[in-house]
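What follows is the content of model-v8.csv (CSV, C-alpha atoms).
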```
chain,number,residue,atom,x,y,z
O,32,MET,CA,-63.7,25.7,34.5
O,33,SER,CA,-64.5,22.5,36.4
O,34,THR,CA,-67.6,23.1,38.5
O,35,LYS,CA,-69.0,26.0,36.7
O,36,TYR,CA,-70.4,23.9,33.9
O,37,PRO,CA,-72.1,20.6,34.4
O,38,GLN,CA,-69.4,17.9,34.1
O,39,HIS,CA,-71.9,16.0,32.0
O,40,LEU,CA,-71.9,18.6,29.3
O,41,LEU,CA,-68.1,18.9,29.3
O,42,LYS,CA,-67.8,15.2,28.8
O,43,LEU,CA,-70.3,15.3,25.9
O,44,ILE,CA,-68.3,18.2,24.3
O,45,ALA,CA,-65.1,16.0,24.6
O,46,PHE,CA,-66.9,13.2,22.7
O,47,PHE,CA,-68.2,15.5,20.0
O,48,LYS,CA,-64.6,16.7,19.4
O,49,LEU,CA,-63.8,13.1,18.2
O,50,PHE,CA,-65.9,13.5,15.1
O,51,PRO,CA,-64.0,14.3,11.9
O,52,GLY,CA,-63.7,18.1,11.3
O,53,VAL,CA,-65.3,19.0,14.6
O,54,GLY,CA,-63.2,21.4,16.7
O,55,GLY,CA,-63.8,22.9,20.1
O,56,LYS,CA,-66.3,25.6,19.0
O,57,THR,CA,-68.4,23.2,16.9
O,58,ALA,CA,-68.4,20.6,19.6
O,59,GLU,CA,-69.8,23.2,22.1
O,60,ARG,CA,-72.4,24.2,19.6
O,61,PHE,CA,-73.5,20.6,19.1
O,62,ALA,CA,-73.7,20.0,22.9
O,63,PHE,CA,-75.7,23.2,23.5
O,64,SER,CA,-78.0,22.4,20.6
O,65,LEU,CA,-78.9,19.1,22.3
O,66,LEU,CA,-80.3,21.1,25.3
O,67,ASP,CA,-83.0,22.4,22.9
O,68,TRP,CA,-84.1,18.9,21.9
O,69,LYS,CA,-87.1,17.2,23.5
O,70,SER,CA,-85.8,14.9,26.2
O,71,GLU,CA,-87.3,11.8,24.6
O,72,GLN,CA,-85.5,12.6,21.4
O,73,THR,CA,-82.1,12.9,23.2
O,74,GLN,CA,-82.8,9.6,25.0
O,75,ASP,CA,-83.7,7.9,21.7
O,76,PHE,CA,-80.5,9.2,20.1
O,77,GLY,CA,-78.4,8.0,23.0
O,78,LYS,CA,-80.0,4.6,23.0
O,79,LEU,CA,-79.4,4.2,19.3
O,80,LEU,CA,-75.8,5.1,19.7
O,81,ALA,CA,-75.2,2.8,22.6
O,82,GLN,CA,-76.7,-0.1,20.6
O,83,LEU,CA,-74.7,0.6,17.5
O,84,PRO,CA,-71.8,-1.8,18.1
O,85,GLN,CA,-74.3,-4.7,18.6
O,86,MET,CA,-76.7,-3.7,15.8
O,87,VAL,CA,-74.3,-2.8,13.0
O,88,GLN,CA,-71.4,-5.2,12.2
O,89,TYR,CA,-69.2,-6.0,9.3
O,90,CYS,CA,-70.0,-9.0,7.0
O,91,GLU,CA,-67.2,-11.6,7.5
O,92,GLU,CA,-67.3,-12.5,3.8
O,93,CYS,CA,-67.3,-9.2,2.0
O,94,GLY,CA,-66.6,-6.6,4.7
O,95,CYS,CA,-69.7,-4.6,4.0
O,96,LEU,CA,-71.9,-3.4,6.8
O,97,LYS,CA,-74.8,-5.6,7.9
O,98,GLY,CA,-77.6,-5.1,10.4
O,99,GLU,CA,-79.4,-7.9,12.3
O,100,GLU,CA,-80.3,-9.6,9.0
O,101,ASN,CA,-77.7,-11.3,6.8
O,102,CYS,CA,-75.5,-9.3,4.5
O,103,PHE,CA,-77.5,-7.7,1.8
O,104,PHE,CA,-74.9,-8.4,-0.9
O,105,CYS,CA,-73.6,-11.9,-0.1
O,106,ASN,CA,-76.0,-14.8,-1.0
O,107,ASN,CA,-78.5,-12.4,-2.6
O,108,PRO,CA,-79.9,-14.0,-5.8
O,109,LEU,CA,-80.6,-10.5,-7.3
O,110,ARG,CA,-76.9,-9.6,-7.4
O,111,GLU,CA,-74.7,-10.7,-10.3
O,112,THR,CA,-72.0,-12.9,-8.9
O,113,GLY,CA,-69.6,-12.7,-11.8
O,114,THR,CA,-68.4,-9.1,-11.1
O,115,LEU,CA,-66.7,-7.9,-7.9
O,116,CYS,CA,-66.1,-4.3,-7.1
O,117,LEU,CA,-63.1,-3.8,-4.8
O,118,VAL,CA,-63.3,-0.7,-2.6
O,119,ALA,CA,-61.2,0.7,0.2
O,120,SER,CA,-63.8,1.4,2.8
O,121,VAL,CA,-67.5,0.6,3.6
O,122,LYS,CA,-68.4,4.2,2.9
O,123,ASP,CA,-67.5,3.7,-0.8
O,124,VAL,CA,-70.1,0.9,-1.0
O,125,PHE,CA,-72.6,3.5,0.1
O,126,ALA,CA,-71.5,5.8,-2.6
O,127,PHE,CA,-71.7,3.2,-5.4
O,128,GLU,CA,-75.1,1.9,-4.3
O,129,GLN,CA,-76.5,5.5,-4.5
O,130,THR,CA,-75.6,5.6,-8.2
O,131,ARG,CA,-77.8,2.5,-8.8
O,132,THR,CA,-75.6,1.4,-11.7
O,133,PHE,CA,-73.8,-1.6,-10.2
O,134,SER,CA,-75.5,-4.8,-9.2
O,135,GLY,CA,-72.5,-7.1,-8.6
O,136,LEU,CA,-70.7,-8.0,-5.4
O,137,TYR,CA,-68.4,-5.9,-3.3
O,138,HIS,CA,-65.2,-6.5,-1.3
O,139,VAL,CA,-64.0,-4.0,1.2
O,140,LEU,CA,-60.2,-3.8,1.6
O,141,GLY,CA,-60.3,-1.8,4.8
O,142,GLY,CA,-57.6,0.6,3.6
O,143,LEU,CA,-55.0,1.4,1.0
O,144,LEU,CA,-51.3,0.5,1.0
O,145,SER,CA,-49.6,3.3,2.9
O,146,PRO,CA,-46.1,2.8,4.5
O,147,LEU,CA,-46.6,6.1,6.3
O,148,GLU,CA,-49.7,4.9,8.1
O,149,GLY,CA,-48.2,1.4,8.6
O,150,LEU,CA,-50.6,-0.3,6.2
O,151,ASP,CA,-48.6,-3.0,4.4
O,152,PRO,CA,-49.9,-5.8,2.0
O,153,GLU,CA,-50.5,-8.2,4.9
O,154,SER,CA,-53.1,-5.8,6.5
O,155,LEU,CA,-55.2,-5.9,3.3
O,156,SER,CA,-55.7,-9.7,3.7
O,157,LEU,CA,-55.6,-10.3,-0.1
O,158,GLU,CA,-55.3,-14.1,0.4
O,159,LYS,CA,-58.9,-14.1,1.8
O,160,LEU,CA,-60.0,-12.1,-1.3
O,161,LYS,CA,-58.1,-14.6,-3.6
O,162,LYS,CA,-59.9,-17.5,-2.0
O,163,ARG,CA,-63.3,-15.7,-2.4
O,164,ILE,CA,-62.6,-15.0,-6.1
O,165,LEU,CA,-61.8,-18.7,-6.8
O,166,GLU,CA,-64.8,-20.0,-4.7
O,167,LYS,CA,-67.4,-17.6,-6.2
O,168,GLU,CA,-65.9,-18.0,-9.7
O,169,ILE,CA,-65.6,-14.2,-10.1
O,170,LYS,CA,-64.8,-13.2,-13.7
O,171,GLU,CA,-64.1,-9.5,-13.4
O,172,VAL,CA,-62.7,-7.4,-10.5
O,173,ILE,CA,-63.2,-3.7,-10.7
O,174,LEU,CA,-60.6,-1.7,-8.8
O,175,ALA,CA,-62.6,1.2,-7.5
O,176,LEU,CA,-59.8,2.9,-5.5
O,177,ASP,CA,-59.0,6.5,-4.9
O,178,SER,CA,-57.0,8.3,-7.6
O,179,THR,CA,-54.2,9.1,-5.2
O,180,VAL,CA,-50.7,7.8,-4.8
O,181,GLU,CA,-52.0,5.2,-2.3
O,182,GLY,CA,-54.8,4.2,-4.6
O,183,ASP,CA,-52.4,3.8,-7.6
O,184,THR,CA,-49.9,1.8,-5.5
O,185,THR,CA,-52.6,-0.5,-4.2
O,186,ALA,CA,-54.0,-1.1,-7.7
O,187,LEU,CA,-50.5,-2.0,-9.0
O,188,TYR,CA,-49.8,-4.3,-6.2
O,189,ILE,CA,-53.2,-6.1,-6.6
O,190,LYS,CA,-52.5,-6.4,-10.4
O,191,GLN,CA,-49.3,-8.3,-9.7
O,192,PHE,CA,-50.8,-10.3,-6.9
O,193,PHE,CA,-53.6,-11.6,-9.1
O,194,SER,CA,-51.5,-12.0,-12.3
O,195,SER,CA,-51.7,-15.8,-12.1
O,196,LEU,CA,-55.5,-15.9,-12.0
O,197,PRO,CA,-57.7,-16.1,-15.1
O,198,LEU,CA,-59.3,-12.8,-14.2
O,199,LYS,CA,-60.3,-9.6,-16.0
O,200,LEU,CA,-59.0,-6.7,-13.9
O,201,SER,CA,-60.4,-3.2,-14.6
O,202,ARG,CA,-60.1,0.2,-13.0
O,203,LEU,CA,-62.5,3.2,-12.9
O,204,ALA,CA,-62.0,5.6,-15.8
O,205,PHE,CA,-60.0,8.8,-15.2
O,206,GLY,CA,-61.2,12.0,-16.8
O,207,LEU,CA,-63.3,15.1,-16.4
O,208,PRO,CA,-65.7,15.1,-13.5
O,209,LEU,CA,-69.2,16.1,-14.7
O,210,GLY,CA,-70.1,19.7,-14.7
O,211,SER,CA,-66.5,20.9,-14.8
O,212,ASN,CA,-64.9,23.8,-16.7
O,213,LEU,CA,-61.8,22.9,-18.6
O,214,ASP,CA,-60.0,26.0,-17.2
O,215,PHE,CA,-60.2,24.6,-13.7
O,216,ILE,CA,-59.0,21.0,-14.5
O,217,ASP,CA,-55.5,20.2,-13.5
O,218,GLY,CA,-52.9,19.1,-16.1
O,219,GLY,CA,-52.7,15.6,-14.9
O,220,THR,CA,-56.4,15.0,-15.2
O,221,LEU,CA,-56.5,16.6,-18.6
O,222,ALA,CA,-53.7,14.4,-19.8
O,223,ARG,CA,-55.5,11.3,-18.6
O,224,ALA,CA,-58.8,12.4,-20.1
O,225,LEU,CA,-57.0,13.0,-23.5
O,226,GLY,CA,-55.3,9.6,-23.3
O,227,GLY,CA,-58.6,7.9,-22.5
O,228,ARG,CA,-60.7,9.7,-25.1
O,229,GLN,CA,-63.5,7.7,-26.7
O,230,SER,CA,-65.0,7.7,-30.2
O,231,PHE,CA,-68.1,9.9,-30.3
Q,282,MET,CA,-82.0,2.1,-0.2
Q,283,SER,CA,-84.0,0.5,2.7
Q,284,THR,CA,-82.4,-2.9,3.3
Q,285,LYS,CA,-79.0,-2.3,1.8
Q,286,TYR,CA,-77.8,-0.3,4.7
Q,287,PRO,CA,-78.5,-1.3,8.3
Q,288,GLN,CA,-81.6,0.6,9.4
Q,289,HIS,CA,-79.8,1.5,12.5
Q,290,LEU,CA,-77.2,3.5,10.7
Q,291,LEU,CA,-79.8,5.3,8.6
Q,292,LYS,CA,-81.6,6.4,11.8
Q,293,LEU,CA,-78.4,7.6,13.3
Q,294,ILE,CA,-77.7,9.7,10.2
Q,295,ALA,CA,-81.1,11.2,10.5
Q,296,PHE,CA,-80.3,12.3,14.1
Q,297,PHE,CA,-77.0,13.8,13.1
Q,298,LYS,CA,-78.7,15.9,10.5
Q,299,LEU,CA,-80.5,17.7,13.3
Q,300,PHE,CA,-77.3,19.3,14.6
Q,301,PRO,CA,-76.7,22.9,13.5
Q,302,GLY,CA,-74.8,23.2,10.2
Q,303,VAL,CA,-74.8,19.4,9.6
Q,304,GLY,CA,-76.1,18.3,6.2
Q,305,GLY,CA,-76.5,14.9,4.6
Q,306,LYS,CA,-72.9,14.3,3.7
Q,307,THR,CA,-71.5,15.4,7.1
Q,308,ALA,CA,-74.1,13.3,8.9
Q,309,GLU,CA,-73.0,10.2,6.9
Q,310,ARG,CA,-69.4,11.0,7.7
Q,311,PHE,CA,-70.2,11.3,11.4
Q,312,ALA,CA,-72.1,8.0,11.5
Q,313,PHE,CA,-69.4,6.1,9.6
Q,314,SER,CA,-66.7,7.5,11.8
Q,315,LEU,CA,-68.5,6.0,14.8
Q,316,LEU,CA,-67.9,2.6,13.3
Q,317,ASP,CA,-64.2,3.1,13.9
Q,318,TRP,CA,-64.7,3.8,17.6
Q,319,LYS,CA,-64.2,1.2,20.2
Q,320,SER,CA,-67.5,-0.3,21.2
Q,321,GLU,CA,-67.2,0.8,24.8
Q,322,GLN,CA,-66.5,4.3,23.7
Q,323,THR,CA,-69.7,4.4,21.6
Q,324,GLN,CA,-71.7,2.9,24.4
Q,325,ASP,CA,-70.4,5.5,26.9
Q,326,PHE,CA,-71.2,8.3,24.5
Q,327,GLY,CA,-74.7,6.9,24.0
Q,328,LYS,CA,-75.3,6.6,27.7
Q,329,LEU,CA,-74.1,10.1,28.4
Q,330,LEU,CA,-76.5,11.4,25.8
Q,331,ALA,CA,-79.4,9.5,27.1
Q,332,GLN,CA,-78.8,10.8,30.6
Q,333,LEU,CA,-78.4,14.4,29.5
Q,334,PRO,CA,-82.0,15.5,30.1
Q,335,GLN,CA,-81.9,14.3,33.7
Q,336,MET,CA,-78.3,15.3,34.5
Q,337,VAL,CA,-78.2,18.8,33.0
Q,338,GLN,CA,-81.0,21.3,33.8
Q,339,TYR,CA,-81.6,25.0,34.0
Q,340,CYS,CA,-81.3,26.8,37.3
Q,341,GLU,CA,-84.8,28.1,38.2
Q,342,GLU,CA,-83.4,31.3,39.6
Q,343,CYS,CA,-80.9,32.5,37.0
Q,344,GLY,CA,-81.5,30.3,34.0
Q,345,CYS,CA,-77.9,29.0,33.8
Q,346,LEU,CA,-77.1,25.3,33.4
Q,347,LYS,CA,-76.6,23.2,36.5
Q,348,GLY,CA,-75.6,19.6,37.0
Q,349,GLU,CA,-76.6,17.5,39.9
Q,350,GLU,CA,-75.2,20.0,42.4
Q,351,ASN,CA,-76.7,23.4,43.0
Q,352,CYS,CA,-76.3,26.2,40.5
Q,353,PHE,CA,-72.7,27.3,40.6
Q,354,PHE,CA,-73.6,31.0,40.4
Q,355,CYS,CA,-76.6,31.4,42.7
Q,356,ASN,CA,-75.8,31.3,46.4
Q,357,ASN,CA,-72.1,31.1,45.8
Q,358,PRO,CA,-70.3,33.3,48.4
Q,359,LEU,CA,-67.4,33.8,45.9
Q,360,ARG,CA,-69.5,35.7,43.4
Q,361,GLU,CA,-70.2,39.4,43.8
Q,362,THR,CA,-74.0,39.8,44.3
Q,363,GLY,CA,-74.2,43.5,43.4
Q,364,THR,CA,-73.7,43.1,39.6
Q,365,LEU,CA,-75.8,41.1,37.3
Q,366,CYS,CA,-74.9,40.3,33.7
Q,367,LEU,CA,-78.0,39.9,31.5
Q,368,VAL,CA,-77.4,37.5,28.5
Q,369,ALA,CA,-79.7,36.0,25.8
Q,370,SER,CA,-78.7,32.3,26.1
Q,371,VAL,CA,-76.8,29.9,28.3
Q,372,LYS,CA,-74.0,29.7,25.7
Q,373,ASP,CA,-73.2,33.3,26.4
Q,374,VAL,CA,-72.5,32.5,30.1
Q,375,PHE,CA,-70.0,30.0,28.9
Q,376,ALA,CA,-68.3,32.6,26.7
Q,377,PHE,CA,-68.1,35.2,29.6
Q,378,GLU,CA,-66.7,32.7,32.1
Q,379,GLN,CA,-63.9,31.8,29.7
Q,380,THR,CA,-62.7,35.4,29.8
Q,381,ARG,CA,-62.3,35.1,33.6
Q,382,THR,CA,-63.0,38.8,34.0
Q,383,PHE,CA,-66.5,38.8,35.5
Q,384,SER,CA,-67.4,37.5,38.9
Q,385,GLY,CA,-70.9,38.7,39.4
Q,386,LEU,CA,-74.3,37.0,38.8
Q,387,TYR,CA,-75.9,36.1,35.5
Q,388,HIS,CA,-79.4,36.1,34.3
Q,389,VAL,CA,-80.4,34.2,31.1
Q,390,LEU,CA,-83.2,35.8,29.1
Q,391,GLY,CA,-83.7,32.8,26.9
Q,392,GLY,CA,-84.0,34.9,23.7
Q,393,LEU,CA,-84.2,38.4,22.3
Q,394,LEU,CA,-87.3,40.4,21.2
Q,395,SER,CA,-88.1,39.3,17.7
Q,396,PRO,CA,-91.6,39.8,16.3
Q,397,LEU,CA,-90.6,37.6,13.3
Q,398,GLU,CA,-89.8,34.6,15.6
Q,399,GLY,CA,-92.8,35.3,17.8
Q,400,LEU,CA,-90.7,36.4,20.8
Q,401,ASP,CA,-92.7,39.2,22.5
Q,402,PRO,CA,-91.9,40.9,25.9
Q,403,GLU,CA,-93.9,38.4,27.8
Q,404,SER,CA,-91.8,35.5,26.7
Q,405,LEU,CA,-88.7,37.1,28.3
Q,406,SER,CA,-90.3,37.0,31.8
Q,407,LEU,CA,-88.9,40.3,32.8
Q,408,GLU,CA,-91.2,40.4,35.9
Q,409,LYS,CA,-89.2,37.5,37.3
Q,410,LEU,CA,-86.0,39.4,36.7
Q,411,LYS,CA,-87.4,42.5,38.3
Q,412,LYS,CA,-88.3,40.5,41.4
Q,413,ARG,CA,-84.8,39.0,41.5
Q,414,ILE,CA,-83.1,42.4,41.2
Q,415,LEU,CA,-85.2,43.8,44.1
Q,416,GLU,CA,-84.7,40.7,46.3
Q,417,LYS,CA,-80.9,40.4,45.7
Q,418,GLU,CA,-80.4,44.2,45.9
Q,419,ILE,CA,-78.6,44.3,42.5
Q,420,LYS,CA,-76.9,47.6,41.9
Q,421,GLU,CA,-75.8,47.3,38.3
Q,422,VAL,CA,-77.3,45.3,35.4
Q,423,ILE,CA,-74.9,44.8,32.4
Q,424,LEU,CA,-76.8,44.3,29.2
Q,425,ALA,CA,-74.6,41.8,27.4
Q,426,LEU,CA,-76.7,41.4,24.3
Q,427,ASP,CA,-75.9,40.9,20.6
Q,428,SER,CA,-75.1,44.0,18.6
Q,429,THR,CA,-78.0,43.2,16.2
Q,430,VAL,CA,-81.4,44.8,15.6
Q,431,GLU,CA,-82.9,42.3,18.0
Q,432,GLY,CA,-80.2,43.0,20.6
Q,433,ASP,CA,-80.7,46.8,20.3
Q,434,THR,CA,-84.5,46.5,20.6
Q,435,THR,CA,-84.3,44.3,23.6
Q,436,ALA,CA,-81.8,46.6,25.3
Q,437,LEU,CA,-84.1,49.6,24.7
Q,438,TYR,CA,-87.1,47.7,26.0
Q,439,ILE,CA,-85.4,46.7,29.1
Q,440,LYS,CA,-84.1,50.2,29.7
Q,441,GLN,CA,-87.7,51.5,29.7
Q,442,PHE,CA,-89.0,48.5,31.7
Q,443,PHE,CA,-86.5,49.2,34.6
Q,444,SER,CA,-86.7,53.0,34.4
Q,445,SER,CA,-88.4,53.2,37.7
Q,446,LEU,CA,-85.8,51.1,39.6
Q,447,PRO,CA,-82.8,52.7,41.4
Q,448,LEU,CA,-80.4,50.8,39.1
Q,449,LYS,CA,-77.3,51.4,37.1
Q,450,LEU,CA,-77.8,50.0,33.6
Q,451,SER,CA,-74.8,49.5,31.3
Q,452,ARG,CA,-74.2,47.9,28.0
Q,453,LEU,CA,-71.1,46.3,26.5
Q,454,ALA,CA,-68.8,48.7,24.6
Q,455,PHE,CA,-69.0,48.9,20.8
Q,456,GLY,CA,-65.8,49.3,18.9
Q,457,LEU,CA,-63.0,47.5,17.1
Q,458,PRO,CA,-62.6,43.8,17.7
Q,459,LEU,CA,-59.1,43.0,18.8
Q,460,GLY,CA,-56.6,42.1,16.0
Q,461,SER,CA,-58.7,43.9,13.3
Q,462,ASN,CA,-57.4,46.0,10.4
Q,463,LEU,CA,-59.2,49.3,9.9
Q,464,ASP,CA,-59.7,48.7,6.2
Q,465,PHE,CA,-62.0,45.7,7.0
Q,466,ILE,CA,-64.1,47.4,9.6
Q,467,ASP,CA,-67.6,48.5,8.5
Q,468,GLY,CA,-68.7,52.1,8.7
Q,469,GLY,CA,-71.2,51.6,11.5
Q,470,THR,CA,-68.6,50.0,13.8
Q,471,LEU,CA,-66.1,52.7,13.0
Q,472,ALA,CA,-68.6,55.4,13.8
Q,473,ARG,CA,-69.4,53.8,17.1
Q,474,ALA,CA,-65.7,53.3,17.9
Q,475,LEU,CA,-65.1,57.0,17.2
Q,476,GLY,CA,-68.0,58.1,19.3
Q,477,GLY,CA,-66.9,56.0,22.2
Q,478,ARG,CA,-63.2,56.9,22.0
Q,479,GLN,CA,-61.4,57.0,25.3
Q,480,SER,CA,-58.6,59.3,26.6
Q,481,PHE,CA,-55.2,57.6,26.2
```
Hey, can you dump this file as structure tokens for me?
Amino acid sequence: MSTKYPQHLLKLIAFFKLFPGVGGKTAERFAFSLLDWKSEQTQDFGKLLAQLPQMVQYCEECGCLKGEENCFFCNNPLRETGTLCLVASVKDVFAFEQTRTFSGLYHVLGGLLSPLEGLDPESLSLEKLKKRILEKEIKEVILALDSTVEGDTTALYIKQFFSSLPLKLSRLAFGLPLGSNLDFIDGGTLARALGGRQSF
Amino acid sequence: MSTKYPQHLLKLIAFFKLFPGVGGKTAERFAFSLLDWKSEQTQDFGKLLAQLPQMVQYCEECGCLKGEENCFFCNNPLRETGTLCLVASVKDVFAFEQTRTFSGLYHVLGGLLSPLEGLDPESLSLEKLKKRILEKEIKEVILALDSTVEGDTTALYIKQFFSSLPLKLSRLAFGLPLGSNLDFIDGGTLARALGGRQSF
């Protein structure tokens, strides 16, 4: 194997395998497709990648991504400061912003409580969040966490942790996803949708 | 959208969308997964990519990929020079070498005849191949082309083109793929497998 293929290409394939959901075959396909690119394009892509760690960083206050400028959310007069949306990862911020229905602040937890993955309450740095809530005079915290066991556990823990604060805690609604047929909805979701029914 | 996310990340996502089979969601997932990499790792990957056009090139003689060294196949005393395997793309060379059952030479056509995609006989540069066959005294050319309309057309065209040369032309066998159930084999394949049956 070793000398037949350019080492360079084999190394690239190994890197592509690190991406989520990419196995050996797909990694090969990606590497070979690069050979059809214009060389300037490949070089631009490579430079962008190499600069990524310097150019994109996490905001120290809210944990969102920021470029060379300041964080878009913190200290932005156009954002409502009374409401804070608590999410597990930066990718969730991306998802919420695409809905264009929320204009408050965000706070990225960086994970959910999961004993199996070694994520305990200390690793979520909730003390930092508490300090932020008090300083910014946040009135409502929306728990926008996954509807999984880890999400539920984290939501309950946070509820207890913040029980002493004069704070409104809310959680995303559970129910039918849009465009779904009732036949395909699992019993748990259906029960939650029934329990949370609204007057119409 | 523009300033909320670091421009840098948006540009990277646009590049990831250029890979085969990668849509918007997957491209986002790839870009976000890079943020979890160590910064040295991201930089190494970026540098490798940027160097790719210089480091990996096509051999002028056979069309296979070569690194900084000479082509592994051409002028290698360990390869049999009497047999030449004709493939459509460099990726096919990769596939054959992994079987470890062929030790002859390769020739990469760079495509198959396809009027729809604008690939006519001139673009396959068969004259160059003819010259190579005569110079290297090749005795057998194995047509290792796809079993598609384009592959069949190209094989027939090459047969006519080389009809004047004292050359053995062969084509890969058609039949059942290994591990297949007869119920799931299409009629065409079954007819070819029957026609090409071998004494047992």
**Message:** Could you tell me which residues of chain O sit within 8 Å of chain Q when counting all atoms listed in the file, and give me the result as a PyMOL selection string?
**Reply:** chain O and resi 32+34-40+43+46+50-51+60-61+63-66+70+73-84+86-87+96-99+103-104+122+125+129
**Prompt:** Could you pull the residues within 8 Å of Glu418 of chain Q, counting only C-alpha atoms, minus those fewer than 4 positions along the same chain, as number ranges by chain?
**Reply:** Q: 362-363, 414
**Message:** Would you compute the distance between atom CA of Ile169 of chain O and atom CA of Leu140 of chain O? Give it in Å to one decimal.
**Reply:**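 So the two atoms, atom CA of Ile169 of chain O and atom CA of Leu140 of chain O, lie 16.6 Å apart.
Closest approach to Ser134 of chain O from the set O:Leu115, O:Leu157, O:Leu147, O:Leu174 is made by O:Leu115, with distances taken over all atoms listed in the file.
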**Request:** Please provide the set of residues having any atom within 10 Å of Ser428 of chain Q, restricted to all atoms listed in the file, with same-chain residues fewer than 3 positions apart removed, written as a list of chain:residue names.
**Result:**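 Counting only the stated atoms, we get Q:Ala425, Q:Glu431, Q:Gly432, Q:Asp433, Q:Thr434, Q:Ala436, Q:Leu453, Q:Ala454, Q:Phe455.
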**Item:** Two-atom distance - atom CA of Lys48 of chain O, atom CA of Phe127 of chain O (Å)
**Value:**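 Between atom CA of Lys48 of chain O and atom CA of Phe127 of chain O the gap works out to 29.1 Å.
Here atom CA of Thr364 of chain Q is placed at a distance of 7.5 Å from atom CA of Ile423 of chain Q.
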**Message:** Ranking O:Leu143, O:Leu209, O:Cys90, O:Ala58 by minimum distance to Leu155 of chain O and counting all atoms listed in the file, which one comes first?
**Reply:**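 For Leu155 of chain O, the nearest of the candidates is O:Leu143.
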**Asked** Using all atoms listed in the file, which of O:Arg163, O:Glu111, O:Val118, O:Asp151 sits nearest Phe133 of chain O?
**Response**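 Looking at the shortest contact to Phe133 of chain O, the residue is O:Glu111.
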